[in-house]
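J.: Just input.pdb, nothing more (PDB, C-alpha atoms, pLDDT in the B column):
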```
MODEL        1
ATOM      1  CA  MET A1294     198.848 246.558 164.165  1.00 64.00           C
ATOM      2  CA  SER A1295     195.087 247.175 164.376  1.00 71.00           C
ATOM      3  CA  GLU A1296     193.661 250.224 166.092  1.00 77.00           C
ATOM      4  CA  LYS A1297     192.181 249.511 169.517  1.00 77.00           C
ATOM      5  CA  ARG A1298     188.486 250.491 169.768  1.00 84.00           C
ATOM      6  CA  PHE A1299     186.696 251.311 172.962  1.00 89.00           C
ATOM      7  CA  THR A1300     183.156 252.199 173.963  1.00 96.00           C
ATOM      8  CA  VAL A1301     182.158 255.155 176.110  1.00 97.00           C
ATOM      9  CA  ILE A1302     179.227 254.459 178.436  1.00 97.00           C
ATOM     10  CA  VAL A1303     176.949 257.417 179.170  1.00 97.00           C
ATOM     11  CA  ILE A1304     174.675 257.099 182.187  1.00 96.00           C
ATOM     12  CA  GLY A1305     171.544 259.199 181.809  1.00 91.00           C
ATOM     13  CA  ALA A1306     169.565 259.851 178.650  1.00 88.00           C
ATOM     14  CA  GLY A1307     168.589 263.417 179.424  1.00 85.00           C
ATOM     15  CA  ILE A1308     169.455 266.319 177.143  1.00 86.00           C
ATOM     16  CA  GLY A1309     173.102 266.338 178.233  1.00 91.00           C
ATOM     17  CA  GLY A1310     173.650 262.587 177.970  1.00 94.00           C
ATOM     18  CA  LEU A1311     172.019 262.341 174.564  1.00 92.00           C
ATOM     19  CA  ALA A1312     173.903 265.377 173.226  1.00 94.00           C
ATOM     20  CA  LEU A1313     177.171 263.929 174.520  1.00 96.00           C
ATOM     21  CA  GLY A1314     176.346 260.618 172.859  1.00 96.00           C
ATOM     22  CA  GLN A1315     175.687 262.338 169.527  1.00 96.00           C
ATOM     23  CA  ALA A1316     178.944 264.317 169.751  1.00 95.00           C
ATOM     24  CA  LEU A1317     180.943 261.165 170.518  1.00 96.00           C
ATOM     25  CA  VAL A1318     179.350 259.260 167.635  1.00 95.00           C
ATOM     26  CA  LYS A1319     180.119 262.201 165.344  1.00 94.00           C
ATOM     27  CA  ALA A1320     183.756 261.916 166.468  1.00 94.00           C
ATOM     28  CA  GLY A1321     183.779 258.225 165.546  1.00 94.00           C
ATOM     29  CA  ILE A1322     183.580 256.869 169.092  1.00 95.00           C
ATOM     30  CA  ASP A1323     181.306 253.942 169.996  1.00 97.00           C
ATOM     31  CA  VAL A1324     178.722 254.905 172.617  1.00 97.00           C
ATOM     32  CA  GLU A1325     176.209 253.107 174.801  1.00 97.00           C
ATOM     33  CA  ILE A1326     173.627 255.247 176.604  1.00 96.00           C
ATOM     34  CA  TYR A1327     171.733 253.932 179.615  1.00 95.00           C
ATOM     35  CA  GLU A1328     168.640 255.389 181.270  1.00 90.00           C
ATOM     36  CA  ARG A1329     166.988 254.064 184.402  1.00 88.00           C
ATOM     37  CA  ASN A1330     163.473 254.729 183.079  1.00 81.00           C
ATOM     38  CA  ALA A1331     162.542 251.991 180.632  1.00 76.00           C
ATOM     39  CA  ASP A1332     159.696 254.036 179.114  1.00 75.00           C
ATOM     40  CA  PRO A1333     160.124 257.653 177.934  1.00 66.00           C
ATOM     41  CA  ARG A1334     156.648 258.448 179.285  1.00 69.00           C
ATOM     42  CA  HIS A1335     158.096 258.150 182.801  1.00 67.00           C
ATOM     43  CA  TRP A1336     160.326 261.136 182.071  1.00 62.00           C
ATOM     44  CA  VAL A1337     157.965 264.084 181.836  1.00 62.00           C
ATOM     45  CA  THR A1338     160.132 266.660 183.609  1.00 60.00           C
ATOM     46  CA  GLY A1339     161.819 267.737 180.367  1.00 55.00           C
ATOM     47  CA  TYR A1340     158.661 268.833 178.617  1.00 63.00           C
ATOM     48  CA  ARG A1341     159.127 272.311 177.101  1.00 71.00           C
ATOM     49  CA  ILE A1342     162.479 272.942 178.675  1.00 80.00           C
ATOM     50  CA  SER A1343     164.369 276.136 177.945  1.00 86.00           C
ATOM     51  CA  ILE A1344     167.629 276.011 176.023  1.00 90.00           C
ATOM     52  CA  ASN A1345     169.557 279.267 175.843  1.00 92.00           C
ATOM     53  CA  GLN A1346     171.662 280.499 172.929  1.00 93.00           C
ATOM     54  CA  THR A1347     174.818 278.784 174.189  1.00 95.00           C
ATOM     55  CA  GLY A1348     173.003 275.475 174.628  1.00 93.00           C
ATOM     56  CA  SER A1349     171.389 275.773 171.220  1.00 94.00           C
ATOM     57  CA  ARG A1350     174.751 276.469 169.586  1.00 95.00           C
ATOM     58  CA  SER A1351     176.235 273.455 171.366  1.00 94.00           C
ATOM     59  CA  LEU A1352     173.401 271.205 170.205  1.00 93.00           C
ATOM     60  CA  HIS A1353     173.898 272.447 166.651  1.00 95.00           C
ATOM     61  CA  HIS A1354     177.535 271.287 166.799  1.00 94.00           C
ATOM     62  CA  CYS A1355     176.633 267.902 168.348  1.00 93.00           C
ATOM     63  CA  LEU A1356     173.591 266.828 166.389  1.00 93.00           C
ATOM     64  CA  PRO A1357     173.479 265.396 162.885  1.00 93.00           C
ATOM     65  CA  ALA A1358     171.516 267.610 160.460  1.00 95.00           C
ATOM     66  CA  PRO A1359     168.222 265.620 160.570  1.00 96.00           C
ATOM     67  CA  LEU A1360     168.099 265.786 164.386  1.00 94.00           C
ATOM     68  CA  TRP A1361     169.009 269.495 164.390  1.00 95.00           C
ATOM     69  CA  ASP A1362     166.207 270.123 161.879  1.00 96.00           C
ATOM     70  CA  THR A1363     163.775 268.254 164.145  1.00 94.00           C
ATOM     71  CA  PHE A1364     164.934 270.310 167.137  1.00 91.00           C
ATOM     72  CA  VAL A1365     164.353 273.566 165.240  1.00 93.00           C
ATOM     73  CA  ALA A1366     161.005 272.411 163.842  1.00 93.00           C
ATOM     74  CA  THR A1367     159.662 271.518 167.302  1.00 88.00           C
ATOM     75  CA  SER A1368     160.997 274.593 169.098  1.00 88.00           C
ATOM     76  CA  VAL A1369     159.018 277.684 169.963  1.00 84.00           C
ATOM     77  CA  ASP A1370     160.224 281.272 170.310  1.00 76.00           C
TER      78      ASP A1370
ENDMDL
END
```
Would you mind giving the structure from this file in structure tokens?

T.:
Amino acid sequence: MSEKRFTVIVIGAGIGGLALGQALVKAGIDVEIYERNADPRHWVTGYRISINQTGSRSLHHCLPAPLWDTFVATSVD
């Protein structure tokens, strides 16, 4: 018997929704992420947000290495 696959739908492509999507993909789960703003330029509220140590550690566990490296490279102390 074949394994039944399902897709998780994430509503909201903010930091939390995108991190959740990455973690689910890493776990082998199909994901679709939806955002109401069609253009990322409409979402300027996240510019230079603060992510504490717990959030950073969580992102490190969720993100694939190239995305983690980009996060670190574009972060400031």

J.: Give me the residues near A:Lys1319 as an MDAnalysis selection string, where near means some atom within 10 Å (using only C-alpha atoms) and where sequence neighbours in that chain fewer than 2 positions away do not count.

T.: chainID A and resid 1313:1317 1321:1323 1354:1357

J.: Taking into account only C-alpha atoms, which residue in the set A:Trp1361, A:Lys1297, A:Arg1350, A:Val1303 is nearest to A:Arg1329?

T.: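 With only C-alpha atoms as the atom set, the closest residue is A:Val1303.
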
J.: Would you mind reading off the distance between atom CA of A:His1353 and atom CA of A:Ala1306, one decimal, in Å?

T.: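 Interatomic distance here is 17.9 Å.
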
J.: Evaluate the PyMOL selection byres ((chain A and resi 1324) around 6) here and jot the selected residues down as JSON, numbers by chain.

T.: {"A": [1300, 1301, 1302, 1323, 1325]}

J.: Would you mind telling me which residue in A:Ala1331, A:Ala1366, A:Ile1342, A:Leu1360 lies nearest to A:Leu1311 when using all atoms listed in the file?

T.: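 The shortest atom-to-atom distance to A:Leu1311 comes from A:Leu1360.
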
J.: What residues come out when you apply the PyMOL selection byres ((chain A and resi 1369) around 12) to this file, written as a PyMOL selection string?

T.: chain A and resi 1341-1344+1364-1368+1370

J.: One number please: atom CA of A:Ile1308 to atom CA of A:Gly1348, in Å, one decimal.

T.: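 A separation of 10.1 Å between them.
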
J.: Quote the spacing between atom CA of A:Asp1362 and atom CA of A:Ser1349 in Å to one decimal place.

T.: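 These two atoms are separated by 12.1 Å.
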